[in-house]
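> For reference, this is protein.tsv, and it has TSV, C-alpha atoms.
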chain	number	residue	atom	x	y	z
A	16	ARG	CA	20.96	20.18	-1.53
A	17	ILE	CA	17.53	18.75	-2.32
A	18	LEU	CA	16.91	17.59	1.25
A	19	CYS	CA	18.11	20.90	2.69
A	20	SER	CA	15.81	22.84	0.37
A	21	ILE	CA	12.83	20.69	1.30
A	22	ALA	CA	13.63	21.23	4.97
A	23	ILE	CA	13.81	24.99	4.41
A	24	LEU	CA	10.49	24.93	2.56
A	25	GLY	CA	8.99	22.95	5.41
A	26	SER	CA	10.15	25.52	7.95
A	27	ARG	CA	8.58	28.25	5.82
A	28	PHE	CA	5.32	26.34	5.71
A	29	ARG	CA	5.06	26.31	9.49
A	30	ASN	CA	5.04	30.11	9.46
A	31	SER	CA	2.94	30.68	6.35
A	32	PRO	CA	0.74	28.16	4.50
A	33	SER	CA	1.18	30.17	1.31
A	34	ALA	CA	4.90	29.38	1.36
A	35	TRP	CA	4.24	26.12	-0.46
A	36	VAL	CA	3.58	28.15	-3.61
A	37	GLY	CA	6.64	27.74	-5.76
A	38	ILE	CA	7.84	24.42	-4.30
A	39	THR	CA	7.48	22.66	-7.65
A	40	THR	CA	9.40	25.42	-9.39
A	41	GLU	CA	12.27	25.22	-6.89
A	42	LEU	CA	12.46	21.44	-7.12
A	43	ARG	CA	12.55	21.61	-10.91
A	44	THR	CA	15.60	23.84	-10.74
A	45	LEU	CA	17.24	21.26	-8.48
A	46	LEU	CA	16.27	18.31	-10.69
A	47	PRO	CA	16.83	19.46	-14.27
A	48	THR	CA	17.67	16.00	-15.57
A	49	ALA	CA	16.42	13.55	-12.96
A	50	ASP	CA	13.07	13.08	-14.71
A	51	PRO	CA	12.66	13.91	-18.41
A	52	TYR	CA	9.05	14.88	-17.76
A	53	ILE	CA	9.45	17.10	-14.70
A	54	ASN	CA	10.24	20.18	-16.79
A	55	GLN	CA	7.91	19.14	-19.61
A	56	PRO	CA	4.70	17.85	-17.98
A	57	ASN	CA	2.82	17.77	-21.27
A	58	ARG	CA	5.52	16.00	-23.23
A	59	GLN	CA	4.37	12.97	-25.20
A	60	LEU	CA	5.91	9.63	-24.30
A	61	ASN	CA	8.43	8.74	-26.99
A	62	MET	CA	7.94	5.13	-28.06
A	63	ALA	CA	9.02	5.61	-31.66
A	64	ASP	CA	10.55	2.69	-33.50
A	65	GLY	CA	10.56	4.11	-37.00
A	66	LYS	CA	7.07	2.88	-37.86
A	67	THR	CA	3.97	5.02	-38.17
A	68	ASN	CA	1.19	4.92	-35.60
A	69	GLU	CA	-1.19	3.54	-38.22
A	70	GLN	CA	0.71	0.26	-38.12
A	71	TYR	CA	-0.19	-0.29	-34.45
A	72	ASP	CA	-3.37	-0.37	-32.41
A	73	TYR	CA	-1.51	0.78	-29.29
A	74	ASP	CA	1.80	2.24	-28.22
A	75	LEU	CA	1.83	-0.11	-25.20
A	76	PHE	CA	-0.05	-3.32	-24.50
A	77	VAL	CA	0.15	-4.53	-20.90
A	78	ILE	CA	-0.59	-8.17	-20.04
A	79	GLY	CA	-1.65	-8.49	-16.42
A	80	ALA	CA	-3.53	-5.96	-14.29
A	81	GLY	CA	-1.74	-6.41	-11.00
A	82	SER	CA	-0.01	-3.60	-9.14
A	83	GLY	CA	2.87	-3.36	-11.63
A	84	GLY	CA	0.79	-3.66	-14.78
A	85	VAL	CA	-1.82	-1.15	-13.67
A	86	ARG	CA	0.82	1.37	-12.63
A	87	ALA	CA	2.74	1.03	-15.90
A	88	ALA	CA	-0.44	1.41	-17.95
A	89	ARG	CA	-1.67	4.46	-16.04
A	90	ILE	CA	1.63	6.33	-16.11
A	91	SER	CA	2.21	5.59	-19.79
A	92	ALA	CA	-1.28	6.76	-20.70
A	93	GLY	CA	-0.72	9.89	-18.64
A	94	HIS	CA	2.29	10.71	-20.82
A	95	GLY	CA	0.21	10.45	-23.98
A	96	ALA	CA	0.69	6.82	-25.02
A	97	ARG	CA	-2.17	4.76	-26.40
A	98	VAL	CA	-2.41	1.94	-23.88
A	99	ALA	CA	-4.43	-1.25	-23.48
A	100	ILE	CA	-4.32	-3.74	-20.62
A	101	ALA	CA	-5.55	-7.34	-20.63
A	102	GLU	CA	-6.56	-9.34	-17.55
A	103	SER	CA	-8.11	-12.80	-17.37
A	104	THR	CA	-9.07	-13.00	-13.70
A	105	TYR	CA	-9.17	-10.09	-11.25
A	106	TYR	CA	-7.79	-6.57	-11.08
A	107	GLY	CA	-5.23	-5.58	-8.49
A	108	GLY	CA	-3.15	-8.76	-8.63
A	109	THR	CA	-2.13	-11.07	-5.82
A	110	CYS	CA	-1.96	-8.46	-3.06
A	111	VAL	CA	-5.53	-7.23	-3.46
A	112	ASN	CA	-7.21	-10.56	-4.18
A	113	VAL	CA	-5.31	-13.48	-2.67
A	114	GLY	CA	-2.52	-11.84	-0.70
A	115	CYS	CA	-2.00	-8.89	1.60
A	116	VAL	CA	-5.54	-7.51	1.77
A	117	PRO	CA	-7.56	-10.68	2.53
A	118	LYS	CA	-4.71	-11.95	4.73
A	119	LYS	CA	-4.91	-8.85	6.91
A	120	LEU	CA	-8.69	-9.18	7.19
A	121	PHE	CA	-8.20	-12.79	8.30
A	122	VAL	CA	-5.50	-11.77	10.78
A	123	TYR	CA	-7.72	-9.09	12.30
A	124	GLY	CA	-10.66	-11.51	12.49
A	125	SER	CA	-8.71	-14.35	14.07
A	126	GLY	CA	-7.29	-12.00	16.70
A	127	TYR	CA	-10.69	-11.40	18.27
A	128	SER	CA	-10.70	-14.90	19.76
A	129	HIS	CA	-7.96	-13.73	22.14
A	130	ASP	CA	-9.47	-10.28	22.66
A	131	PHE	CA	-12.81	-11.66	23.83
A	132	VAL	CA	-11.11	-13.74	26.51
A	133	ASP	CA	-8.82	-10.92	27.62
A	134	ALA	CA	-11.49	-8.18	27.58
A	135	LYS	CA	-12.66	-8.81	31.16
A	136	PHE	CA	-9.18	-8.03	32.45
A	137	PHE	CA	-9.50	-4.58	30.89
A	138	GLY	CA	-12.82	-3.78	32.54
A	139	TRP	CA	-15.21	-5.05	29.88
A	140	ASN	CA	-18.27	-7.00	31.07
A	141	VAL	CA	-18.59	-9.74	28.48
A	142	PRO	CA	-20.48	-13.04	28.68
A	143	PRO	CA	-18.26	-15.76	30.21
A	144	MET	CA	-16.40	-17.47	27.40
A	145	ASP	CA	-13.62	-19.93	27.02
A	146	ASP	CA	-11.80	-20.75	23.80
A	147	GLY	CA	-14.34	-23.41	22.83
A	148	ASP	CA	-17.32	-21.08	23.25
A	149	ILE	CA	-15.71	-18.33	21.22
A	150	HIS	CA	-15.02	-20.47	18.21
A	151	LYS	CA	-18.61	-21.79	18.19
A	152	ARG	CA	-19.80	-18.19	17.76
A	153	LEU	CA	-17.80	-17.62	14.57
A	154	ASP	CA	-19.88	-17.11	11.41
A	155	TRP	CA	-17.32	-18.18	8.81
A	156	LYS	CA	-19.63	-17.60	5.85
A	157	ARG	CA	-20.25	-14.00	6.93
A	158	LEU	CA	-16.51	-13.42	7.20
A	159	ILE	CA	-15.90	-14.78	3.69
A	160	GLN	CA	-18.75	-12.76	2.20
A	161	ASN	CA	-17.58	-9.51	3.81
A	162	LYS	CA	-14.04	-10.22	2.65
A	163	ASN	CA	-15.29	-10.83	-0.89
A	164	ASN	CA	-17.29	-7.60	-0.81
A	165	GLU	CA	-14.20	-5.59	0.11
A	166	ILE	CA	-12.11	-7.21	-2.61
A	167	GLU	CA	-14.80	-6.55	-5.21
A	168	ARG	CA	-14.80	-2.91	-4.14
A	169	LEU	CA	-11.03	-2.70	-4.58
A	170	ASN	CA	-11.26	-4.36	-7.99
A	171	GLY	CA	-13.65	-1.61	-8.98
A	172	VAL	CA	-11.19	1.01	-7.75
A	173	TYR	CA	-8.44	-0.38	-10.00
A	174	VAL	CA	-10.76	-0.48	-13.00
A	175	LYS	CA	-11.81	3.13	-12.36
A	176	LEU	CA	-8.18	4.24	-12.11
A	177	LEU	CA	-7.42	2.66	-15.47
A	178	LYS	CA	-10.45	4.12	-17.19
A	179	ASN	CA	-9.82	7.58	-15.76
A	180	ALA	CA	-6.28	7.42	-17.15
A	181	GLY	CA	-7.60	6.60	-20.62
A	182	VAL	CA	-6.42	2.97	-20.66
A	183	GLU	CA	-8.50	0.53	-22.71
A	184	ILE	CA	-9.42	-2.55	-20.66
A	185	ILE	CA	-9.59	-5.91	-22.42
A	186	ASP	CA	-10.97	-8.83	-20.41
A	187	GLY	CA	-9.49	-12.17	-21.38
A	188	PHE	CA	-6.39	-14.36	-21.45
A	189	ALA	CA	-3.65	-12.73	-23.52
A	190	SER	CA	-0.85	-14.50	-25.39
A	191	VAL	CA	2.19	-13.02	-27.09
A	192	VAL	CA	2.21	-13.98	-30.77
A	193	ASP	CA	5.32	-12.07	-31.80
A	194	ALA	CA	7.29	-8.96	-30.83
A	195	ASN	CA	4.38	-6.66	-31.68
A	196	THR	CA	1.26	-8.84	-31.58
A	197	VAL	CA	-0.96	-9.99	-28.70
A	198	GLN	CA	-3.82	-12.47	-29.05
A	199	VAL	CA	-6.84	-12.24	-26.71
A	200	GLY	CA	-9.53	-14.74	-27.56
A	201	GLU	CA	-10.20	-14.56	-31.28
A	202	LYS	CA	-8.83	-11.05	-31.69
A	203	SER	CA	-5.27	-9.86	-32.33
A	204	TYR	CA	-3.80	-6.51	-31.34
A	205	ARG	CA	-0.69	-4.77	-32.65
A	206	ALA	CA	1.45	-2.73	-30.25
A	207	LYS	CA	4.80	-0.95	-30.40
A	208	LYS	CA	5.71	-2.33	-27.00
A	209	ILE	CA	4.36	-5.31	-25.03
A	210	LEU	CA	4.76	-5.42	-21.26
A	211	VAL	CA	4.31	-8.82	-19.61
A	212	ALA	CA	3.34	-8.25	-15.96
A	213	VAL	CA	1.57	-11.49	-15.11
A	214	GLY	CA	3.15	-12.17	-11.73
A	215	SER	CA	3.14	-15.76	-10.48
A	216	THR	CA	0.84	-18.45	-9.13
A	217	PRO	CA	1.31	-21.14	-6.45
A	218	PHE	CA	2.78	-24.40	-7.70
A	219	ILE	CA	1.77	-27.79	-6.32
A	220	PRO	CA	4.20	-30.54	-7.36
A	221	ASP	CA	3.00	-33.87	-8.71
A	222	PHE	CA	2.66	-36.46	-5.94
A	223	PRO	CA	0.06	-39.04	-4.83
A	224	GLY	CA	-2.84	-37.25	-3.16
A	225	LYS	CA	-2.21	-33.82	-4.70
A	226	GLU	CA	-5.91	-33.65	-5.58
A	227	TYR	CA	-6.61	-33.13	-1.87
A	228	VAL	CA	-4.22	-30.21	-1.54
A	229	ILE	CA	-5.06	-26.51	-1.75
A	230	SER	CA	-2.80	-23.49	-2.00
A	231	SER	CA	-3.02	-20.19	-0.16
A	232	ASN	CA	-5.22	-18.90	-3.02
A	233	GLU	CA	-7.99	-21.40	-2.31
A	234	ALA	CA	-7.64	-20.95	1.46
A	235	PHE	CA	-9.24	-17.52	1.13
A	236	TYR	CA	-12.38	-19.05	-0.40
A	237	LEU	CA	-13.10	-22.06	1.79
A	238	ASP	CA	-16.83	-22.71	2.17
A	239	GLU	CA	-16.34	-24.05	5.68
A	240	LEU	CA	-13.65	-23.60	8.31
A	241	PRO	CA	-11.87	-26.97	8.51
A	242	GLU	CA	-11.58	-28.66	11.91
A	243	LYS	CA	-8.01	-29.77	11.23
A	244	VAL	CA	-5.36	-28.50	8.84
A	245	LEU	CA	-1.89	-29.70	7.92
A	246	ILE	CA	0.31	-26.94	6.51
A	247	VAL	CA	3.36	-28.08	4.55
A	248	GLY	CA	6.21	-25.60	4.64
A	249	GLY	CA	7.50	-23.05	7.10
A	250	GLY	CA	7.70	-19.87	5.05
A	251	TYR	CA	5.98	-16.66	6.07
A	252	ILE	CA	2.73	-17.53	4.24
A	253	ALA	CA	2.58	-20.90	5.98
A	254	VAL	CA	3.28	-19.38	9.40
A	255	GLU	CA	0.67	-16.67	8.87
A	256	PHE	CA	-2.01	-19.18	7.91
A	257	ALA	CA	-1.08	-21.41	10.84
A	258	CYS	CA	-1.69	-18.52	13.24
A	259	ILE	CA	-4.85	-17.39	11.41
A	260	LEU	CA	-6.50	-20.79	11.39
A	261	LYS	CA	-5.52	-21.47	15.00
A	262	GLY	CA	-7.07	-18.14	15.99
A	263	PHE	CA	-10.31	-19.09	14.23
A	264	GLY	CA	-10.40	-22.36	16.10
Show me, as structure tokens, the structure contained in the file I just sent.

Amino acid sequence: RILCSIAILGSRFRNSPSAWVGITTELRTLLPTADPYINQPNRQLNMADGKTNEQYDYDLFVIGAGSGGVRAARISAGHGARVAIAESTYYGGTCVNVGCVPKKLFVYGSGYSHDFVDAKFFGWNVPPMDDGDIHKRLDWKRLIQNKNNEIERLNGVYVKLLKNAGVEIIDGFASVVDANTVQVGEKSYRAKKILVAVGSTPFIPDFPGKEYVISSNEAFYLDELPEKVLIVGGGYIAVEFACILKGFG
């Protein structure tokens, strides 16, 4: 019934842009219980546990400002909860800082080595190049700096989203003391609920020579492009980096 109604509304929209007026009202009649807030948009988030608000600094304290932590903090604050979020490194989590975003920038960059060679077959007049010439023209430091600039911009976006939602940002490493207490540096905070959303970090096992090993995290911040690389493992991250580094030369 929901899908049919949306389809009907869509057909109305094609004939009259004003037909979208009332969509929310119709959907609310179809979803009376699916979301406790859909019929009460101004309802306060209920996080009661029998104790008064004066006994807590926050209704919700989120540890970790990655995608999950930021989303949970923003939505909770939007429903009226007093929310704080603590982060010790960077905002946006793995994806923004040492995952999807920088990986895609590296993928796009490494792909040009093939494009420059192939361009002449598509009518482009480019200086004669072979694979060796192309890789000598790569400015690795410029790539890293531009990548860092974009990630810093995205970090700022996440911080702005949190502030606009009314979430208090606490920079520092947070530890859970008990069911309602979080320690950040020398200060303790009391919260009705504590959400741990710290994600994970690469693990390098203990073996002779481990001091010479880097993980995918450090690979995004290399000062120089290495001439040779040995990648241990055949998962998707390993395969992606193998193709990226080969493309860069």
> Please determine, counting all atoms listed in the file, which residue among A:Leu240, A:Ala99, A:Val122, A:Ile246 has the shortest atom-to-atom distance to Leu153 in chain A.
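Nearest candidate to Leu153 in chain A out of A:Leu240, A:Ala99, A:Val122, A:Ile246: A:Leu240.
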> Could you please determine the separation between CA of Ile185 in chain A and CA of Val199 in chain A in Å, to one decimal place?
8.1 Å
> Given only C-alpha atoms as the basis, pick out the residue of A:Leu120, A:Val213, A:Cys258, A:Leu237 nearest to Trp155 in chain A.
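Of the candidates, the smallest distance to Trp155 in chain A is held by A:Leu237.
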> When you draw a straight line from CA of Lys156 in chain A to CA of Tyr236 in chain A, how long is it in Å?
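Interatomic distance, CA of Lys156 in chain A to CA of Tyr236 in chain A: 9.7 Å.
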> One decimal, Å: what's the distance from CA of Gly264 in chain A over to CA of Val132 in chain A, could you say?
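It comes out at 13.5 Å.
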> Can you list, as number ranges by chain, every protein, DNA or RNA residue that comes within 9 Å of range 227-230 of chain A when you count all atoms listed in the file, leaving out same-chain residues fewer than 3 positions away?
A: 217-219, 224, 233-234
> Residues within 10 Å of Val85 in chain A, please, as a list in words. Count all atoms listed in the file; anything in the same chain fewer than 6 positions from it doesn't count.
Val77, Ile78, Gly79, Ser91, Ile100, Tyr106, Gly107, Gly108, Tyr173, Val174, Leu176, Leu177, Val182 and Ala212 of chain A
> Taking the partial coordinates given, rebuild range 82-96 of chain A to contain N, CA, C and O atoms; return it as a tab-separated table (two decimals), keeping the file's coordinate frame.

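Wrote it out as part-v7.tsv, contents follow:
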chain	number	residue	atom	x	y	z
A	82	SER	N	-0.53	-4.90	-9.55
A	82	SER	CA	-0.01	-3.60	-9.14
A	82	SER	C	0.95	-3.02	-10.17
A	82	SER	O	0.86	-1.84	-10.53
A	83	GLY	N	1.88	-3.84	-10.66
A	83	GLY	CA	2.87	-3.36	-11.63
A	83	GLY	C	2.26	-3.02	-12.96
A	83	GLY	O	2.54	-1.97	-13.54
A	84	GLY	N	1.40	-3.89	-13.49
A	84	GLY	CA	0.79	-3.66	-14.78
A	84	GLY	C	-0.11	-2.44	-14.80
A	84	GLY	O	-0.07	-1.64	-15.74
A	85	VAL	N	-0.92	-2.29	-13.75
A	85	VAL	CA	-1.82	-1.15	-13.67
A	85	VAL	C	-1.04	0.16	-13.59
A	85	VAL	O	-1.35	1.14	-14.26
A	86	ARG	N	0.01	0.16	-12.77
A	86	ARG	CA	0.82	1.37	-12.63
A	86	ARG	C	1.48	1.75	-13.96
A	86	ARG	O	1.47	2.91	-14.37
A	87	ALA	N	2.07	0.76	-14.62
A	87	ALA	CA	2.74	1.03	-15.90
A	87	ALA	C	1.75	1.56	-16.93
A	87	ALA	O	2.06	2.50	-17.68
A	88	ALA	N	0.56	0.98	-16.97
A	88	ALA	CA	-0.44	1.41	-17.95
A	88	ALA	C	-0.90	2.83	-17.66
A	88	ALA	O	-1.01	3.66	-18.57
A	89	ARG	N	-1.18	3.13	-16.41
A	89	ARG	CA	-1.67	4.46	-16.04
A	89	ARG	C	-0.64	5.55	-16.34
A	89	ARG	O	-0.97	6.59	-16.93
A	90	ILE	N	0.60	5.31	-15.92
A	90	ILE	CA	1.63	6.33	-16.11
A	90	ILE	C	1.91	6.54	-17.59
A	90	ILE	O	2.07	7.68	-18.06
A	91	SER	N	1.96	5.47	-18.35
A	91	SER	CA	2.21	5.59	-19.79
A	91	SER	C	1.09	6.36	-20.48
A	91	SER	O	1.33	7.23	-21.32
A	92	ALA	N	-0.15	6.05	-20.11
A	92	ALA	CA	-1.28	6.76	-20.70
A	92	ALA	C	-1.25	8.23	-20.31
A	92	ALA	O	-1.59	9.11	-21.12
A	93	GLY	N	-0.82	8.51	-19.09
A	93	GLY	CA	-0.72	9.89	-18.64
A	93	GLY	C	0.29	10.70	-19.41
A	93	GLY	O	0.20	11.93	-19.48
A	94	HIS	N	1.28	10.03	-20.01
A	94	HIS	CA	2.29	10.71	-20.82
A	94	HIS	C	1.91	10.73	-22.30
A	94	HIS	O	2.74	11.08	-23.15
A	95	GLY	N	0.68	10.32	-22.61
A	95	GLY	CA	0.21	10.45	-23.98
A	95	GLY	C	0.23	9.19	-24.81
A	95	GLY	O	-0.15	9.22	-25.99
A	96	ALA	N	0.66	8.07	-24.24
A	96	ALA	CA	0.69	6.82	-25.02
A	96	ALA	C	-0.71	6.22	-25.13
A	96	ALA	O	-1.54	6.39	-24.25
